[in-house]
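Chemist: The structure under discussion is supplied below as structure tokens; questions concerning it will follow.
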Amino acid sequence: MHRVLSAQPDLSMLPERLAALVAAAMDKDPARRPTARDLLLALVSGAATDTGALLAAGSRSAMGVHVPDTADPALGTIAEDAFGGLGPRERELAPEVFLRLVAVDEDGRETGRWAPRSELSDGDRSEAVERILRAFSYVVTEKDGMVALSRPALLRAWPRLRRWVEADRAGLVVLTRLSSAARQWADHGRRDGDLLQGSHLESVLSWAATGRKHVTLTPTERDYLRAGTELTRKRARRRRLTTAALAGLLVVALVAGGLALWQARRADAQRDAATARNVATEAAALRAGDPVKAMLLTVAAWQISPDADTRSALTSSYQQSERAAFHDPPVEGVALRTLTHDGRFLVSVSESGVAVHDVRSGRRTRGWAVPGLDSEHLFDVSVNGSGRRVAVTTEKKITVWDVATGRLVAQRAMPEGSGGRGADYGDSESTLAVSLTDELIHLWDHDTGRTFGGVLDEGYQAAQYPLVDRTGRMLVVPGDPRFYVRRLPAWTKDDRLNAACQGQPYAAAFSPDGRTLACAGAEIRLVDPATGRKLPLRGGDNQFWPAAPSCELCDAAAKGLRFSQDGRYLAAFADRSLRVWRVDGQRQVLAYQAEGELTDVRFDGEVVRYLLDDTVVTLDLGARVTDFRTTRAPWGTELSPDGRWALVRPDENTMVLWDLAARRQVWTTRAPGMTVFDRQGERLVTIPDSGRMTMWDVGTRRRLWTAPVPFGVSPVRAEFTRDGRTLVLTSALTETLTDFRLTRLDTATGRAFGTVTTRSPGGVLTPDGRRLASADGRIYDLATGRPLGAGFGSGVLAVSDQSVLAVSGDRTGRIALRGLDGPATSAPLLRGVSERIAHLAFAPKGDVLATVGDDPGTLQLWDVRARRRLGGPVSAYADGLPGEGGLAFSRDGGVLYVAEDDGLIHEFVVDPARMAGLVCERAGRELTEREWREHFDQVPYRNLCGA
């Protein structure tokens, strides 16, 4: 099949005239093949040798053929099989290769794209890219140095490609424009006239700084952006010099002198803004390699030029999990590295011997030479559970060393054989699982010198290294399709764990006390290793603990599970992905994508560390959010619009008021039914299902008045006008979905002064209090109940005090913004995480929009004026889901509150000045003058974080 799809057929036995026609008809690109009519005409007209014209005709015909937008499952299966056959390096590059073959237009539709071969193979990736293209030769075509998808249906048929495209959808439009412009610039002598400038350059730099997921800029593209930034600097410098010259000539003219000064300051500001945006881009690339420096650079960029781009970079630094990075010093030859179980030390073994470094301080604490490493191939290194012993495996032997003294403790020859070799402790202190050609052959207790056990089952396939528990009495080997368990030292088979972990055999880990075994695949299960009984999760026997949205562990080359030293956290890593959960509630506290394949993961208190090549990166498990719990509220939680109060319901007839700033309960009263705060958080109305409604003064908890509920039934919607003078109730008197009543009441007395019939099911009042932005996608006049003007689309709504309407109604999470006053214009769309929006809220100044999705509950912040996201998405929920009114900004707009239905309140810092202070606190230092000059050469040095 591979030859049919990729090799050219041998047509030498055919006459030259006929061979040309057959070759054109068998072109690898279906779009270029001539039609049957063209072939017949060529045969009878004698134009058979003009194959170029035939192929052109075929291409023109193909352009008119509509390809149904349906998925081809077989095509997706072929692509997934090809991806599974790639090596780690090729898997890492595959998303970028395919994304560069996809274009997304302004309406969000995906199409194939012809990309130059040089664009895919820039730098040192040529061989890896060649292997990718060769593996996907069935779906990729190449001609005249250009590469494209030969099967457009792949965009729908291959789920992995769809996820890649979805993650980078917003940036693919920018990437296509950037690649084309950079190529034209490079091909035409790198002229300044071909460079991006102004807002176009700013938007591309913004995407390059914070918007990329799987795409790495090519050297040509980086040079192109760097040249554009440098040109901006030169022009700013030129304007400053010109302004200075004019000021010297017109020194006597004060007005002209003032103008020159203004121009100079403006030029300086433009230069500084361009520099700040460029530094924000550079900081994004430093997050894993030097996270502290990256954080400080974004603080500096925002302080120099506080715009949407630098604020987004600062927000990303505030949200980032990376706290520190330690780089193992260079060694002779190839080194193998591993972390101790407590995450404190990095053990590195090379021709130079064994070196131990304290990851926290970066200081080398121990080291010794190992004879023979310069002449033997090094295969494996493992550290025992306490970190006191390190086992080094070469092609000839296993040597065990005392870490404290560097003394040789034990030594054993490796059996003869080919392939890989390994000796792993698991959690054991002295028992090593010895493997040959990736197959377990026996266990060796180096303290007693005893060997026992043997091959598990003929033909077994291990999914993870053998795992010996800390007592040395149990061996667990995750495998495909089952677990292999042996009781030690008798080597007794025990299938009870296999039954408990059925379907999840890809990774396993013992808890520190050895009383719990975690096994994982698509989900995570906890098992009692002594009895083989599955342990219940919080929520009961039917509770499900998903390991990831897809089974990351199933197909990963490098994977594993790790408990923290205190057993409170569990981590799962699979290739580049790392996830951490709290064990007691199965709440995910970290979802992280590294730049390459992870080789080890360990906890150290409230941080988790991962090993990537020669670098240990420390991730902070402390979320950038403060949580506190109010009264347990199974009947819901509501926040006041000004973020001062939380109203929680422990039962259907009781409401409890909490002061959010003081974090204390201030009032409890009986109040069944609906509750609504006014915009200032000063009054509260309670509306029962029937009877009389009550207006309360929130500050004094005094009853202001009671009045009958209009029509005797609880309204479907109630809202105060912005000035607080009117309460608007929407009531449904029949089951007809277009028959509602709008009632306006005077909030001072509770008297109704207007009722109209309307088709609106309720919505959000406009700032003037005269109109209603309805959930059915229309604007209604409150006085008449009639719709006004054109519709805007139904969905979840929010209206700012500046009369900007935000609406989101589809499951992709797109958000439309439009002004309520002035002429109707095309609504710009905000595109973020593909998740249906459940809540929208504007900051008091209307400059920031907060959105929270419904499942899994993603919080995103948006700059309303710049129409771009600030930072990345973060998880908004912990235990439940937010109820009605569960999203509110503080009065100054600096804090965002998210309330869950069960009474848990989350505080997210939004104010960039506070963010900068918190980032400085995490960084623990200032930028040095040398670092400043490296990135801000024309901007005077300043202290970022104060004394």
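Residues in the structure tokens are named by chain (A, B, ... in the order shown) and by number from 1 within that chain; ligands are numbered from 1 in the order shown.
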With a distance cut-off of 10 Å and only C-alpha atoms, select the neighbouring residues of Gly417 (chain A), excluding the residue or stretch itself and same-chain residues fewer than 4 positions from it, and output the selection as a list of chain:residue names.
Modeler: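 Non-adjacent residues within range: A:Glu395, A:Lys396, A:Arg421, A:Leu436, A:Thr437.
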Chemist: Residues of region 813-929 of chain A in alpha helix (DSSP H) according to DSSP, as an MDAnalysis selection string?
Modeler: chainID A and resid 912:923 929
Chemist: Enumerate as a PDB file with all heavy atoms, in the first residue's frame all residues of region 439-469 of chain A assigned to strand (DSSP E) by DSSP on the backbone, naming them with the chain letters and numbers the document uses.
Modeler:
ATOM      1  N   GLU A 439      12.262  -6.737  29.586  1.00  0.00           N
ATOM      2  CA  GLU A 439      11.487  -7.823  30.173  1.00  0.00           C
ATOM      3  C   GLU A 439      12.076  -8.160  31.529  1.00  0.00           C
ATOM      4  O   GLU A 439      13.276  -8.390  31.671  1.00  0.00           O
ATOM      5  CB  GLU A 439      11.511  -9.051  29.256  1.00  0.00           C
ATOM      6  CG  GLU A 439      10.636 -10.193  29.760  1.00  0.00           C
ATOM      7  CD  GLU A 439      10.550 -11.316  28.750  1.00  0.00           C
ATOM      8  OE1 GLU A 439      10.138 -11.066  27.597  1.00  0.00           O
ATOM      9  OE2 GLU A 439      10.914 -12.455  29.110  1.00  0.00           O
ATOM     10  N   LEU A 440      11.232  -8.180  32.564  1.00  0.00           N
ATOM     11  CA  LEU A 440      11.677  -8.497  33.906  1.00  0.00           C
ATOM     12  C   LEU A 440      12.224  -9.928  33.958  1.00  0.00           C
ATOM     13  O   LEU A 440      11.576 -10.868  33.489  1.00  0.00           O
ATOM     14  CB  LEU A 440      10.515  -8.343  34.892  1.00  0.00           C
ATOM     15  CG  LEU A 440      10.808  -8.670  36.356  1.00  0.00           C
ATOM     16  CD1 LEU A 440      11.747  -7.642  36.946  1.00  0.00           C
ATOM     17  CD2 LEU A 440       9.507  -8.721  37.147  1.00  0.00           C
ATOM     18  N   ILE A 441      13.440 -10.096  34.530  1.00  0.00           N
ATOM     19  CA  ILE A 441      14.018 -11.438  34.605  1.00  0.00           C
ATOM     20  C   ILE A 441      14.109 -11.942  36.043  1.00  0.00           C
ATOM     21  O   ILE A 441      13.985 -13.137  36.283  1.00  0.00           O
ATOM     22  CB  ILE A 441      15.407 -11.480  33.927  1.00  0.00           C
ATOM     23  CG1 ILE A 441      16.361 -10.436  34.543  1.00  0.00           C
ATOM     24  CG2 ILE A 441      15.282 -11.283  32.439  1.00  0.00           C
ATOM     25  CD1 ILE A 441      17.780 -10.548  34.016  1.00  0.00           C
ATOM     26  N   HIS A 442      14.331 -11.062  37.020  1.00  0.00           N
ATOM     27  CA  HIS A 442      14.318 -11.473  38.421  1.00  0.00           C
ATOM     28  C   HIS A 442      14.423 -10.239  39.311  1.00  0.00           C
ATOM     29  O   HIS A 442      14.625  -9.118  38.830  1.00  0.00           O
ATOM     30  CB  HIS A 442      15.448 -12.458  38.742  1.00  0.00           C
ATOM     31  CG  HIS A 442      16.827 -11.889  38.527  1.00  0.00           C
ATOM     32  ND1 HIS A 442      17.662 -12.335  37.547  1.00  0.00           N
ATOM     33  CD2 HIS A 442      17.522 -10.907  39.177  1.00  0.00           C
ATOM     34  CE1 HIS A 442      18.802 -11.665  37.581  1.00  0.00           C
ATOM     35  NE2 HIS A 442      18.732 -10.787  38.566  1.00  0.00           N
ATOM     36  N   LEU A 443      14.259 -10.455  40.614  1.00  0.00           N
ATOM     37  CA  LEU A 443      14.451  -9.417  41.625  1.00  0.00           C
ATOM     38  C   LEU A 443      15.735  -9.720  42.391  1.00  0.00           C
ATOM     39  O   LEU A 443      16.070 -10.877  42.650  1.00  0.00           O
ATOM     40  CB  LEU A 443      13.269  -9.366  42.600  1.00  0.00           C
ATOM     41  CG  LEU A 443      11.889  -9.090  41.996  1.00  0.00           C
ATOM     42  CD1 LEU A 443      10.848  -9.006  43.099  1.00  0.00           C
ATOM     43  CD2 LEU A 443      11.883  -7.819  41.168  1.00  0.00           C
ATOM     44  N   TRP A 444      16.426  -8.651  42.786  1.00  0.00           N
ATOM     45  CA  TRP A 444      17.689  -8.804  43.512  1.00  0.00           C
ATOM     46  C   TRP A 444      17.658  -7.923  44.747  1.00  0.00           C
ATOM     47  O   TRP A 444      17.494  -6.701  44.645  1.00  0.00           O
ATOM     48  CB  TRP A 444      18.874  -8.413  42.599  1.00  0.00           C
ATOM     49  CG  TRP A 444      20.202  -8.368  43.307  1.00  0.00           C
ATOM     50  CD1 TRP A 444      20.681  -9.250  44.220  1.00  0.00           C
ATOM     51  CD2 TRP A 444      21.213  -7.362  43.149  1.00  0.00           C
ATOM     52  NE1 TRP A 444      21.935  -8.881  44.645  1.00  0.00           N
ATOM     53  CE2 TRP A 444      22.295  -7.729  44.007  1.00  0.00           C
ATOM     54  CE3 TRP A 444      21.330  -6.225  42.355  1.00  0.00           C
ATOM     55  CZ2 TRP A 444      23.445  -6.967  44.094  1.00  0.00           C
ATOM     56  CZ3 TRP A 444      22.480  -5.457  42.439  1.00  0.00           C
ATOM     57  CH2 TRP A 444      23.533  -5.830  43.303  1.00  0.00           C
ATOM     58  N   ASP A 445      17.782  -8.550  45.920  1.00  0.00           N
ATOM     59  CA  ASP A 445      17.898  -7.816  47.181  1.00  0.00           C
ATOM     60  C   ASP A 445      19.387  -7.650  47.463  1.00  0.00           C
ATOM     61  O   ASP A 445      20.064  -8.604  47.856  1.00  0.00           O
ATOM     62  CB  ASP A 445      17.220  -8.591  48.305  1.00  0.00           C
ATOM     63  CG  ASP A 445      17.157  -7.787  49.600  1.00  0.00           C
ATOM     64  OD1 ASP A 445      18.091  -6.999  49.862  1.00  0.00           O
ATOM     65  OD2 ASP A 445      16.190  -7.950  50.355  1.00  0.00           O
ATOM     66  N   ARG A 450      20.236 -11.999  47.793  1.00  0.00           N
ATOM     67  CA  ARG A 450      19.322 -13.010  47.277  1.00  0.00           C
ATOM     68  C   ARG A 450      18.656 -12.544  45.985  1.00  0.00           C
ATOM     69  O   ARG A 450      18.298 -11.380  45.841  1.00  0.00           O
ATOM     70  CB  ARG A 450      18.245 -13.301  48.326  1.00  0.00           C
ATOM     71  CG  ARG A 450      17.236 -14.352  47.882  1.00  0.00           C
ATOM     72  CD  ARG A 450      16.140 -14.496  48.928  1.00  0.00           C
ATOM     73  NE  ARG A 450      15.132 -15.450  48.492  1.00  0.00           N
ATOM     74  CZ  ARG A 450      13.986 -15.679  49.129  1.00  0.00           C
ATOM     75  NH1 ARG A 450      13.735 -15.019  50.240  1.00  0.00           N
ATOM     76  NH2 ARG A 450      13.118 -16.564  48.673  1.00  0.00           N
ATOM     77  N   THR A 451      18.484 -13.457  45.034  1.00  0.00           N
ATOM     78  CA  THR A 451      17.689 -13.211  43.824  1.00  0.00           C
ATOM     79  C   THR A 451      16.498 -14.153  43.839  1.00  0.00           C
ATOM     80  O   THR A 451      16.585 -15.291  44.298  1.00  0.00           O
ATOM     81  CB  THR A 451      18.499 -13.433  42.543  1.00  0.00           C
ATOM     82  OG1 THR A 451      18.933 -14.788  42.486  1.00  0.00           O
ATOM     83  CG2 THR A 451      19.702 -12.514  42.493  1.00  0.00           C
ATOM     84  N   PHE A 452      15.376 -13.705  43.367  1.00  0.00           N
ATOM     85  CA  PHE A 452      14.172 -14.532  43.337  1.00  0.00           C
ATOM     86  C   PHE A 452      13.260 -14.014  42.234  1.00  0.00           C
ATOM     87  O   PHE A 452      13.431 -12.915  41.705  1.00  0.00           O
ATOM     88  CB  PHE A 452      13.444 -14.535  44.687  1.00  0.00           C
ATOM     89  CG  PHE A 452      13.210 -13.164  45.255  1.00  0.00           C
ATOM     90  CD1 PHE A 452      12.029 -12.484  45.040  1.00  0.00           C
ATOM     91  CD2 PHE A 452      14.197 -12.542  46.024  1.00  0.00           C
ATOM     92  CE1 PHE A 452      11.821 -11.222  45.564  1.00  0.00           C
ATOM     93  CE2 PHE A 452      13.999 -11.284  46.566  1.00  0.00           C
ATOM     94  CZ  PHE A 452      12.801 -10.623  46.330  1.00  0.00           C
ATOM     95  N   LEU A 467       7.314  -2.024  39.733  1.00  0.00           N
ATOM     96  CA  LEU A 467       7.143  -1.228  40.943  1.00  0.00           C
ATOM     97  C   LEU A 467       7.138  -2.155  42.159  1.00  0.00           C
ATOM     98  O   LEU A 467       6.222  -2.960  42.327  1.00  0.00           O
ATOM     99  CB  LEU A 467       5.826  -0.446  40.873  1.00  0.00           C
ATOM    100  CG  LEU A 467       5.498   0.489  42.025  1.00  0.00           C
ATOM    101  CD1 LEU A 467       6.522   1.606  42.122  1.00  0.00           C
ATOM    102  CD2 LEU A 467       4.096   1.076  41.840  1.00  0.00           C
ATOM    103  N   VAL A 468       8.187  -2.060  42.980  1.00  0.00           N
ATOM    104  CA  VAL A 468       8.264  -2.809  44.235  1.00  0.00           C
ATOM    105  C   VAL A 468       7.859  -1.875  45.371  1.00  0.00           C
ATOM    106  O   VAL A 468       8.320  -0.729  45.435  1.00  0.00           O
ATOM    107  CB  VAL A 468       9.696  -3.346  44.478  1.00  0.00           C
ATOM    108  CG1 VAL A 468       9.752  -4.149  45.770  1.00  0.00           C
ATOM    109  CG2 VAL A 468      10.153  -4.190  43.300  1.00  0.00           C
TER     110      VAL A 468
END
Chemist: I want to know what sits within 10 Å of Asp424 (chain A), based on only C-alpha atoms, with residues of the same chain fewer than 2 positions away left out; could you give that as a PDB file with C-alpha atoms, in the first residue's frame?
Modeler:
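Saved result, result-v3.pdb, follows:
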ATOM      1  CA  ASP A 380      19.783   2.980  33.836  1.00  0.00           C
ATOM      2  CA  VAL A 381      19.997   4.851  37.141  1.00  0.00           C
ATOM      3  CA  SER A 382      17.588   4.433  40.071  1.00  0.00           C
ATOM      4  CA  VAL A 383      17.390   5.816  43.626  1.00  0.00           C
ATOM      5  CA  ASN A 384      15.782   3.888  46.487  1.00  0.00           C
ATOM      6  CA  VAL A 390      21.709   4.763  43.937  1.00  0.00           C
ATOM      7  CA  ALA A 391      21.867   1.831  41.484  1.00  0.00           C
ATOM      8  CA  VAL A 392      23.803   2.291  38.228  1.00  0.00           C
ATOM      9  CA  THR A 393      23.196  -0.204  35.420  1.00  0.00           C
ATOM     10  CA  GLY A 422      17.434  -1.809  33.727  1.00  0.00           C
ATOM     11  CA  GLY A 426      10.312   1.383  42.738  1.00  0.00           C
ATOM     12  CA  ASP A 427       9.560   2.363  46.359  1.00  0.00           C
ATOM     13  CA  SER A 428      11.805  -0.335  47.842  1.00  0.00           C
ATOM     14  CA  THR A 431      15.104  -4.758  46.198  1.00  0.00           C
ATOM     15  CA  LEU A 432      15.831  -4.057  42.535  1.00  0.00           C
ATOM     16  CA  ALA A 433      13.654  -5.281  39.656  1.00  0.00           C
ATOM     17  CA  VAL A 434      16.184  -6.345  37.009  1.00  0.00           C
ATOM     18  CA  SER A 435      15.104  -6.209  33.360  1.00  0.00           C
ATOM     19  CA  LEU A 443      14.451  -9.417  41.625  1.00  0.00           C
ATOM     20  CA  TYR A 465       8.744   0.108  34.930  1.00  0.00           C
ATOM     21  CA  PRO A 466       8.306  -2.633  37.610  1.00  0.00           C
ATOM     22  CA  LEU A 467       7.143  -1.228  40.943  1.00  0.00           C
ATOM     23  CA  VAL A 468       8.264  -2.809  44.235  1.00  0.00           C
TER      24      VAL A 468
END
Chemist: Set the distance at 8 Å and use only C-alpha atoms: which residues neighbour Val608 (chain A) once local chain neighbours fewer than 4 positions away are removed? I'd like the list as an MDAnalysis selection string.
Modeler: chainID A and resid 343 601:604 618:621
Chemist: With all heavy atoms kept, could you save the residues just selected as a compact mmCIF listing (two decimals), in the first residue's frame?
Modeler:
# COMPACT_ATOMS: atom_id res chain seq x y z
N GLY A 343 11.98 14.71 46.02
CA GLY A 343 12.06 15.83 45.09
C GLY A 343 13.13 16.84 45.39
O GLY A 343 13.23 17.86 44.70
N VAL A 601 8.98 12.80 37.72
CA VAL A 601 8.16 13.78 38.43
C VAL A 601 8.18 13.42 39.91
O VAL A 601 7.99 12.25 40.27
CB VAL A 601 6.71 13.79 37.91
CG1 VAL A 601 5.82 14.65 38.81
CG2 VAL A 601 6.64 14.29 36.48
N ARG A 602 8.42 14.40 40.78
CA ARG A 602 8.41 14.19 42.22
C ARG A 602 7.86 15.42 42.94
O ARG A 602 7.97 16.55 42.44
CB ARG A 602 9.82 13.90 42.74
CG ARG A 602 10.44 12.62 42.23
CD ARG A 602 9.76 11.37 42.75
NE ARG A 602 10.34 10.16 42.19
CZ ARG A 602 9.87 8.94 42.43
NH1 ARG A 602 8.81 8.79 43.21
NH2 ARG A 602 10.45 7.88 41.89
N PHE A 603 7.29 15.20 44.14
CA PHE A 603 6.76 16.28 44.97
C PHE A 603 7.80 16.70 46.00
O PHE A 603 8.62 15.89 46.46
CB PHE A 603 5.50 15.83 45.70
CG PHE A 603 4.29 15.68 44.82
CD1 PHE A 603 3.99 14.46 44.24
CD2 PHE A 603 3.45 16.75 44.59
CE1 PHE A 603 2.87 14.31 43.46
CE2 PHE A 603 2.32 16.62 43.79
CZ PHE A 603 2.04 15.39 43.23
N ASP A 604 7.74 17.98 46.38
CA ASP A 604 8.53 18.51 47.49
C ASP A 604 7.65 19.51 48.22
O ASP A 604 7.61 20.70 47.88
CB ASP A 604 9.81 19.18 46.97
CG ASP A 604 10.68 19.74 48.11
OD1 ASP A 604 10.36 19.49 49.28
OD2 ASP A 604 11.67 20.44 47.81
N THR A 618 10.49 23.57 38.74
CA THR A 618 9.64 23.54 39.93
C THR A 618 8.33 24.25 39.63
O THR A 618 8.33 25.40 39.18
CB THR A 618 10.35 24.22 41.11
OG1 THR A 618 11.58 23.54 41.39
CG2 THR A 618 9.48 24.19 42.35
N LEU A 619 7.21 23.56 39.89
CA LEU A 619 5.88 24.10 39.67
C LEU A 619 5.19 24.32 41.01
O LEU A 619 5.23 23.44 41.89
CB LEU A 619 5.03 23.15 38.81
CG LEU A 619 5.60 22.76 37.45
CD1 LEU A 619 4.65 21.80 36.75
CD2 LEU A 619 5.84 23.99 36.58
N ASP A 620 4.55 25.45 41.14
CA ASP A 620 3.86 25.82 42.37
C ASP A 620 2.45 25.25 42.34
O ASP A 620 1.70 25.49 41.40
CB ASP A 620 3.82 27.34 42.49
CG ASP A 620 3.46 27.81 43.88
OD1 ASP A 620 2.93 26.99 44.65
OD2 ASP A 620 3.71 28.97 44.19
N LEU A 621 2.07 24.47 43.35
CA LEU A 621 0.72 23.92 43.42
C LEU A 621 -0.27 24.90 44.03
O LEU A 621 -1.47 24.69 43.93
CB LEU A 621 0.72 22.63 44.25
CG LEU A 621 1.49 21.46 43.64
CD1 LEU A 621 1.41 20.25 44.56
CD2 LEU A 621 0.96 21.11 42.26
Chemist: A:Thr721, A:Ser126, A:Thr654, A:Ser12: which is nearest Phe677 (chain A), counting only C-alpha atoms?
Modeler: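 Residue with the minimum atom-to-atom distance to Phe677 (chain A): A:Thr721.
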Chemist: Region 655-667 of chain A: which residues within 8 Å, counting only C-alpha atoms, same-chain residues fewer than 3 positions away excluded, as a ChimeraX atom specification?
Modeler: /A:628,630-631,643-651,670-672,701
Chemist: Write the residues of the preceding selection, restricted to C-alpha atoms, as a PDB file, in the first residue's frame.
Modeler:
ATOM      1  CA  PHE A 628     -12.868  30.467  51.695  1.00  0.00           C
ATOM      2  CA  THR A 630     -19.176  30.185  53.899  1.00  0.00           C
ATOM      3  CA  THR A 631     -22.124  28.269  55.302  1.00  0.00           C
ATOM      4  CA  GLY A 643     -19.013  42.037  45.330  1.00  0.00           C
ATOM      5  CA  ARG A 644     -19.707  43.046  48.949  1.00  0.00           C
ATOM      6  CA  TRP A 645     -22.089  40.277  50.017  1.00  0.00           C
ATOM      7  CA  ALA A 646     -22.669  36.565  49.548  1.00  0.00           C
ATOM      8  CA  LEU A 647     -26.116  35.177  50.222  1.00  0.00           C
ATOM      9  CA  VAL A 648     -26.128  31.418  50.861  1.00  0.00           C
ATOM     10  CA  ARG A 649     -29.015  29.029  51.439  1.00  0.00           C
ATOM     11  CA  PRO A 650     -28.482  26.113  53.843  1.00  0.00           C
ATOM     12  CA  ASP A 651     -32.118  25.097  53.184  1.00  0.00           C
ATOM     13  CA  ARG A 670     -36.193  33.091  57.129  1.00  0.00           C
ATOM     14  CA  ALA A 671     -36.771  34.022  53.477  1.00  0.00           C
ATOM     15  CA  PRO A 672     -38.064  31.396  51.029  1.00  0.00           C
ATOM     16  CA  ARG A 701     -30.930  44.245  58.140  1.00  0.00           C
TER      17      ARG A 701
END
Chemist: Excluding region 575-585 of chain A and any residue of its chain fewer than 4 positions from it, enumerate the residues within 7 Å of it, using only C-alpha atoms, and give them as a PyMOL selection string.
Modeler: chain A and resi 538+556-559+568-571+589-598
Chemist: Would you mind listing, for every residue of region 255-350 of chain A within 12 Å of region 227-230 of chain A, the two atoms forming the shortest contact and the distance between them in Å to one decimal, using only C-alpha atoms, sorted by chain and ascending residue number, as a tab-separated table?
Modeler:
residue	atom	partner	partner_atom	distance
A:Gln270	CA	A:Thr229	CA	10.9
A:Arg271	CA	A:Thr229	CA	9.1
A:Asp272	CA	A:Thr229	CA	10.8
A:Ala273	CA	A:Thr229	CA	10.3
A:Ala274	CA	A:Thr229	CA	6.5
A:Thr275	CA	A:Thr229	CA	7.5
A:Ala276	CA	A:Thr229	CA	10.4
A:Arg277	CA	A:Thr229	CA	9.1
A:Asn278	CA	A:Thr229	CA	7.2
A:Val279	CA	A:Thr229	CA	10.6
A:Thr281	CA	A:Thr229	CA	11.5
Chemist: So which one's closest to Glu929 (chain A), A:Arg226, A:Arg914, A:Arg836, A:Arg942? Using only C-alpha atoms, please.
Modeler: A:Arg942
Chemist: Need the shell around Arg125 (chain A): protein/DNA/RNA residues with any atom at most 12 Å away, counting only C-alpha atoms. Skip same-chain ones fewer than 5 positions apart. Format as a PyMOL selection string?
Modeler: chain A and resi 89-90+92-94+96-97+117-120+130-132+216+218-219
Chemist: Using only C-alpha atoms, can you tell me which of A:Asp187, A:Glu332, A:Asp746, A:Asp168 comes closest to Leu373 (chain A)?
Modeler: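 Nearest to Leu373 (chain A): A:Glu332.
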Chemist: Report, in Å with one decimal, the straight-line distance from CA of Met693 (chain A) to CA of Ala707 (chain A).
Modeler: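 Here the two named atoms are 5.5 Å from each other.
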Chemist: Choose the residue, out of A:Ser179, A:Ser361, A:Thr669, A:Ser803, that has the smallest atom-to-atom separation from Arg222 (chain A); count only C-alpha atoms.
Modeler: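 For Arg222 (chain A), the nearest of the candidates is A:Ser179.
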Chemist: Of the residues A:Gly198, A:Gly777, A:Pro844, A:Gly353, which is the one nearest to Ser890 (chain A), using only C-alpha atoms?
Modeler: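 Between A:Gly198, A:Gly777, A:Pro844, A:Gly353, the residue approaching Ser890 (chain A) most closely is A:Pro844.
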